[in-house]
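*Asks:* Take this structure, written in structure tokens, and hold onto it; I'll ask about it next.
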Amino acid sequence: MDSENTIARNFIEDIVEQGLAQNPNVVTRFPPEPNGYLHIGHAKALCVDFGIARKFNGVCNLRFDDTNPTKEDVEFVDSIQEDIRWLGFEWNKLCFGSDYFDTCYELAVKLIKKGLAYVDDLSKDEVREYRGTLTEPGKNSPYRDRTIEENLDLFERMKNGEFEDGAKTLRAKIDMSSPNINLRDPALYRIIHRSHHQTGDKWCIYPMYDFAHPIQDAIEGVTHSLCSLEYEIHRPLYDWVTLHCDFEKRPRQIEFARLNMTNTIMSKRYLRRLVEEGFVSGWDDPRMPTLCAMRRRGYPAEAIIDFLDKVGVSKADSVVDTAMLEHCVREKLNATAPRMMAILDPIKLIVTNWPEGETESVTLENLPGSEEAGKRTVQFGRELYIERDDFMVKPPKKYFRLKPDGEVRLKGAYIVKCTGYDADENDVVREVYCTYDPDTKSGECERKVKGTLHWLNAADALDAEFRLYEPMMLDTDEECEDFTEKFNRDSLITINGKIEPALANAHPVDKFQFMRIGYFAADKDFTDTRPVFNRTVGLKDSFKLQ
């Protein structure tokens with residue numbers, strides 16, 4: 001995949017370019033917390049972090065923000081690396097926030113010795129009460145004036161495990177009357193008696209993100225710390241930490257708008273609930289906005305990159321229509337997906353003048369216009385399957401599919417004419433009868449009809465399961481007490497139909513265009529005895545680029 005141009009020209013590039021004279025070596029980082037799977041919102045951050053580094057011949061590090069052992073797991077570490085590589089990116093250095101725990105501790109001690117940090121005994125509720133509001137200043141903790149010696153002793157005892165979770169915190173001594181609440185003596189360390197996936201039981205105190213992150217950036221020589229817009233208000237604290245920890249080279253934090261999409265939630269907390277409470281089958285359920293789910297559904301990585309390039313990078317929050325992503329997916333698959341035949345709702349079509357027991361090979365292109373994609377043969381016989389919707393007893397005007405006395409061409413084969421049908425007592429059609437014109441074989445006949453149908457030979461068609469997806473979340477202005485009330489209960493429909501024999505050789509994530517139906521991908525549940533396909537996107541595209 002060509003991912004050199006992963007993002008369009010944007011304001012971040014302008015900032016970076018202006019500073020090249022002072023610092024020509026651009027270093028960025030992508031810092032996910034390993035407490036869940038990456039989603040499409042993270043993909044935007046990936047494109048920004050890795051894209052900026054590439055455009056300025058710099059490097060981008062992958063650093064796991066593993067400062068909270070209560071939610072993190074090696075499973076997520078592995079999945080994040082897989083997703084990044086799937087999108088076509090490769091990091092310069094693989095790092096963990098926990099690699100720097102010793103340095104973070106030493107710098108916390110340094111701040112205590114400078115009189116810029118203190119050990120606080122206030123509970124969470126008391127801290128919230130003392131913090132104040134957006135319009136009212138906070139007030140100093142009664143423990144704020146502890147001596148440096150007392151703070152050093154208490155902090156070491158915190159490290160040695162003498163106190164229970166939540167009993168004490170280390171806080172920065174900044175300004176409880178600051179208009180920026182993040183500067184009102186923010187927490188730097190908290191007590192968590194929990195084994196860590198990297199450091200084991202070495203630590204029972206862990207640095208807060210706002211303390212650890214700028215330190216990690218500075219240690220790694222990051223020049224531009226690129227993050228989403230909600231961290232803008234945290235930037236003064238980011239700068240305070242790197243300044244008072246005496247880093248000679250200090251990174252510059254730059255914020256950009258995060259990705260918001262219709263019918264989509266990006267909160268890992270909410271996504272975790274959907275998984276844990278059984279709304280979806282897992283993090284890779286094809287309805288989810290996670291990258292592993294999109295991969296399973298059949299979204300090409302190149303299409304996601306193209307989508308994010310079209311979205312661009314800005315300072316203003318906005319909501320992007322999910323149809324834009326589907327448009328990019330459809331464009332990519334239209335150029336690459338082999339054309340195959342499948343019937344989702346089959347009905348028998350009997351060619352009454354075709355000899356019983358005989359078949360004829362019909363040659364079809366795998367990808368029209370592509371000689372490299374090759375061709376395949378399918379068998380045409382007396383009993384076929386067509387889509388139930390492709391026959392109507394009393395059709396509306398301008399209906400160009402099969403109807404009584406009507407003619408259609410069967411793809412790659414012959415023109416057939418409907419001569420009758422059989423229905424049950426509820427007028428549900430069971431079989432349709434037709435005759436074929438032997439002089440109308442495709443490629444050998446100039447006679448044209450308006451309708452062309454796809455079909456399958458009933459004798460060798462295989463059973464298959466099709467999973468059809470709709471948006472997972474409903475877009476509604478109605479107020480809900482719980483976000484799960486917006487979960488679309490009809491977001492997955494499973495049906496059983498038929499496929500041509502060649503599709504039995506498909507492998508998970510192989511992508512196809514099922515003629516006249518849509519784009520599908522073989523699911524991970526696919527076996528040669530139980531083919532399963534996920535609908536990636538439909539054929540119709542109503543989205544128009546502005």
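By order of appearance in the structure tokens: chains A, B, ..., then residues from 1 within every chain, and ligands from 1 in the order shown.
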Do a neighbour search on region 352-359 of chain A at 10 Å with only C-alpha atoms, toss out local chain neighbours closer than 5 positions, and write the hits as a list in words.
*Replies:* Val378, Gln379, Phe380, Gly381, Arg382, Glu383, Thr419, Tyr433, Cys434, Thr435, Tyr436, Asp437, Pro438, Asn457 and Ala459 of chain A
*Asks:* Between CA of Ile265 (chain A) and CA of Met473 (chain A), measure the distance and give it in Å to one decimal.
*Replies:* 7.6 Å
*Asks:* Would you give me, as an MDAnalysis selection string, the residues in region 25-243 of chain A that DSSP reads as helix (DSSP H, G or I)?
*Replies:* chainID A and resid 40:55 74:86 97:113 124:131 148:159 181:183 209:220 229:243
*Asks:* Would you return as a PyMOL selection string the members of region 71-242 of chain A that DSSP assigns to strand (DSSP E) on this structure's backbone?
*Replies:* chain A and resi 94-96+117-120+169-172+187-191+205-207+224-228
*Asks:* Would you mind listing, for every residue of region 22-97 of chain A within 8 Å of region 247-259 of chain A, the two atoms forming the shortest contact and the distance between them in Å to one decimal, using only C-alpha atoms, sorted by chain and ascending residue number, as CSV?
*Replies:*
residue,atom,partner,partner_atom,distance
A:Ile40,CA,A:Leu259,CA,7.9
A:Gly41,CA,A:Leu259,CA,5.3
A:Lys44,CA,A:Leu259,CA,6.9
A:Ala45,CA,A:Arg258,CA,7.9
*Asks:* Do a neighbour search on Glu500 (chain A) at 10 Å with only C-alpha atoms, toss out local chain neighbours closer than 4 positions, and write the hits as a list in words.
*Replies:*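 Selected residues are Met340, Met341, Ala342, Ile343, Val378, Gln379, Trp455, Leu456, Asn457, Ala458, Asp460, Ala461, Leu462, Asp463, Ala464 and Ala504 of chain A.
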*Asks:* Can I get the selected residues back with N, CA, C and O atoms, as a PDB file, in the first residue's frame?
*Replies:*
ATOM      1  N   MET A 340     -18.441 -12.596  -8.487  1.00  0.00           N
ATOM      2  CA  MET A 340     -18.917 -13.967  -8.339  1.00  0.00           C
ATOM      3  C   MET A 340     -20.440 -13.950  -8.249  1.00  0.00           C
ATOM      4  O   MET A 340     -21.059 -12.889  -8.135  1.00  0.00           O
ATOM      5  N   MET A 341     -21.031 -15.151  -8.312  1.00  0.00           N
ATOM      6  CA  MET A 341     -22.490 -15.218  -8.254  1.00  0.00           C
ATOM      7  C   MET A 341     -22.944 -15.922  -6.976  1.00  0.00           C
ATOM      8  O   MET A 341     -22.422 -16.979  -6.608  1.00  0.00           O
ATOM      9  N   ALA A 342     -23.903 -15.288  -6.309  1.00  0.00           N
ATOM     10  CA  ALA A 342     -24.512 -15.849  -5.110  1.00  0.00           C
ATOM     11  C   ALA A 342     -25.991 -15.479  -5.125  1.00  0.00           C
ATOM     12  O   ALA A 342     -26.376 -14.443  -5.670  1.00  0.00           O
ATOM     13  N   ILE A 343     -26.800 -16.320  -4.532  1.00  0.00           N
ATOM     14  CA  ILE A 343     -28.244 -16.082  -4.450  1.00  0.00           C
ATOM     15  C   ILE A 343     -28.630 -16.062  -2.980  1.00  0.00           C
ATOM     16  O   ILE A 343     -28.488 -17.071  -2.279  1.00  0.00           O
ATOM     17  N   VAL A 378     -18.608 -21.825 -15.115  1.00  0.00           N
ATOM     18  CA  VAL A 378     -19.714 -22.317 -14.303  1.00  0.00           C
ATOM     19  C   VAL A 378     -20.598 -23.158 -15.219  1.00  0.00           C
ATOM     20  O   VAL A 378     -20.541 -23.031 -16.449  1.00  0.00           O
ATOM     21  N   GLN A 379     -21.393 -24.022 -14.614  1.00  0.00           N
ATOM     22  CA  GLN A 379     -22.222 -24.937 -15.399  1.00  0.00           C
ATOM     23  C   GLN A 379     -23.649 -24.408 -15.506  1.00  0.00           C
ATOM     24  O   GLN A 379     -24.243 -23.976 -14.527  1.00  0.00           O
ATOM     25  N   TRP A 455     -27.396 -16.010 -11.753  1.00  0.00           N
ATOM     26  CA  TRP A 455     -28.055 -17.303 -11.564  1.00  0.00           C
ATOM     27  C   TRP A 455     -27.047 -18.312 -11.029  1.00  0.00           C
ATOM     28  O   TRP A 455     -25.840 -18.063 -11.024  1.00  0.00           O
ATOM     29  N   LEU A 456     -27.534 -19.443 -10.608  1.00  0.00           N
ATOM     30  CA  LEU A 456     -26.682 -20.552 -10.192  1.00  0.00           C
ATOM     31  C   LEU A 456     -27.263 -21.849 -10.728  1.00  0.00           C
ATOM     32  O   LEU A 456     -28.490 -21.990 -10.860  1.00  0.00           O
ATOM     33  N   ASN A 457     -26.376 -22.773 -11.025  1.00  0.00           N
ATOM     34  CA  ASN A 457     -26.813 -24.105 -11.419  1.00  0.00           C
ATOM     35  C   ASN A 457     -27.230 -24.873 -10.164  1.00  0.00           C
ATOM     36  O   ASN A 457     -26.427 -25.071  -9.246  1.00  0.00           O
ATOM     37  N   ALA A 458     -28.477 -25.304 -10.108  1.00  0.00           N
ATOM     38  CA  ALA A 458     -28.995 -25.919  -8.885  1.00  0.00           C
ATOM     39  C   ALA A 458     -28.258 -27.195  -8.511  1.00  0.00           C
ATOM     40  O   ALA A 458     -28.130 -27.523  -7.322  1.00  0.00           O
ATOM     41  N   ASP A 460     -25.094 -27.978  -8.575  1.00  0.00           N
ATOM     42  CA  ASP A 460     -23.820 -27.849  -7.857  1.00  0.00           C
ATOM     43  C   ASP A 460     -23.727 -26.612  -6.969  1.00  0.00           C
ATOM     44  O   ASP A 460     -22.671 -26.348  -6.385  1.00  0.00           O
ATOM     45  N   ALA A 461     -24.809 -25.851  -6.859  1.00  0.00           N
ATOM     46  CA  ALA A 461     -24.794 -24.692  -5.964  1.00  0.00           C
ATOM     47  C   ALA A 461     -24.635 -25.151  -4.515  1.00  0.00           C
ATOM     48  O   ALA A 461     -25.177 -26.190  -4.113  1.00  0.00           O
ATOM     49  N   LEU A 462     -23.893 -24.395  -3.741  1.00  0.00           N
ATOM     50  CA  LEU A 462     -23.610 -24.763  -2.351  1.00  0.00           C
ATOM     51  C   LEU A 462     -24.401 -23.887  -1.390  1.00  0.00           C
ATOM     52  O   LEU A 462     -24.665 -22.709  -1.659  1.00  0.00           O
ATOM     53  N   ASP A 463     -24.745 -24.476  -0.252  1.00  0.00           N
ATOM     54  CA  ASP A 463     -25.402 -23.701   0.800  1.00  0.00           C
ATOM     55  C   ASP A 463     -24.395 -22.752   1.431  1.00  0.00           C
ATOM     56  O   ASP A 463     -23.214 -23.077   1.600  1.00  0.00           O
ATOM     57  N   ALA A 464     -24.854 -21.563   1.812  1.00  0.00           N
ATOM     58  CA  ALA A 464     -23.976 -20.578   2.457  1.00  0.00           C
ATOM     59  C   ALA A 464     -24.797 -19.702   3.391  1.00  0.00           C
ATOM     60  O   ALA A 464     -26.014 -19.550   3.232  1.00  0.00           O
ATOM     61  N   ALA A 504     -16.273 -22.061  -2.512  1.00  0.00           N
ATOM     62  CA  ALA A 504     -15.911 -22.977  -1.423  1.00  0.00           C
ATOM     63  C   ALA A 504     -14.424 -22.906  -1.116  1.00  0.00           C
ATOM     64  O   ALA A 504     -13.984 -23.314  -0.033  1.00  0.00           O
TER      65      ALA A 504
END
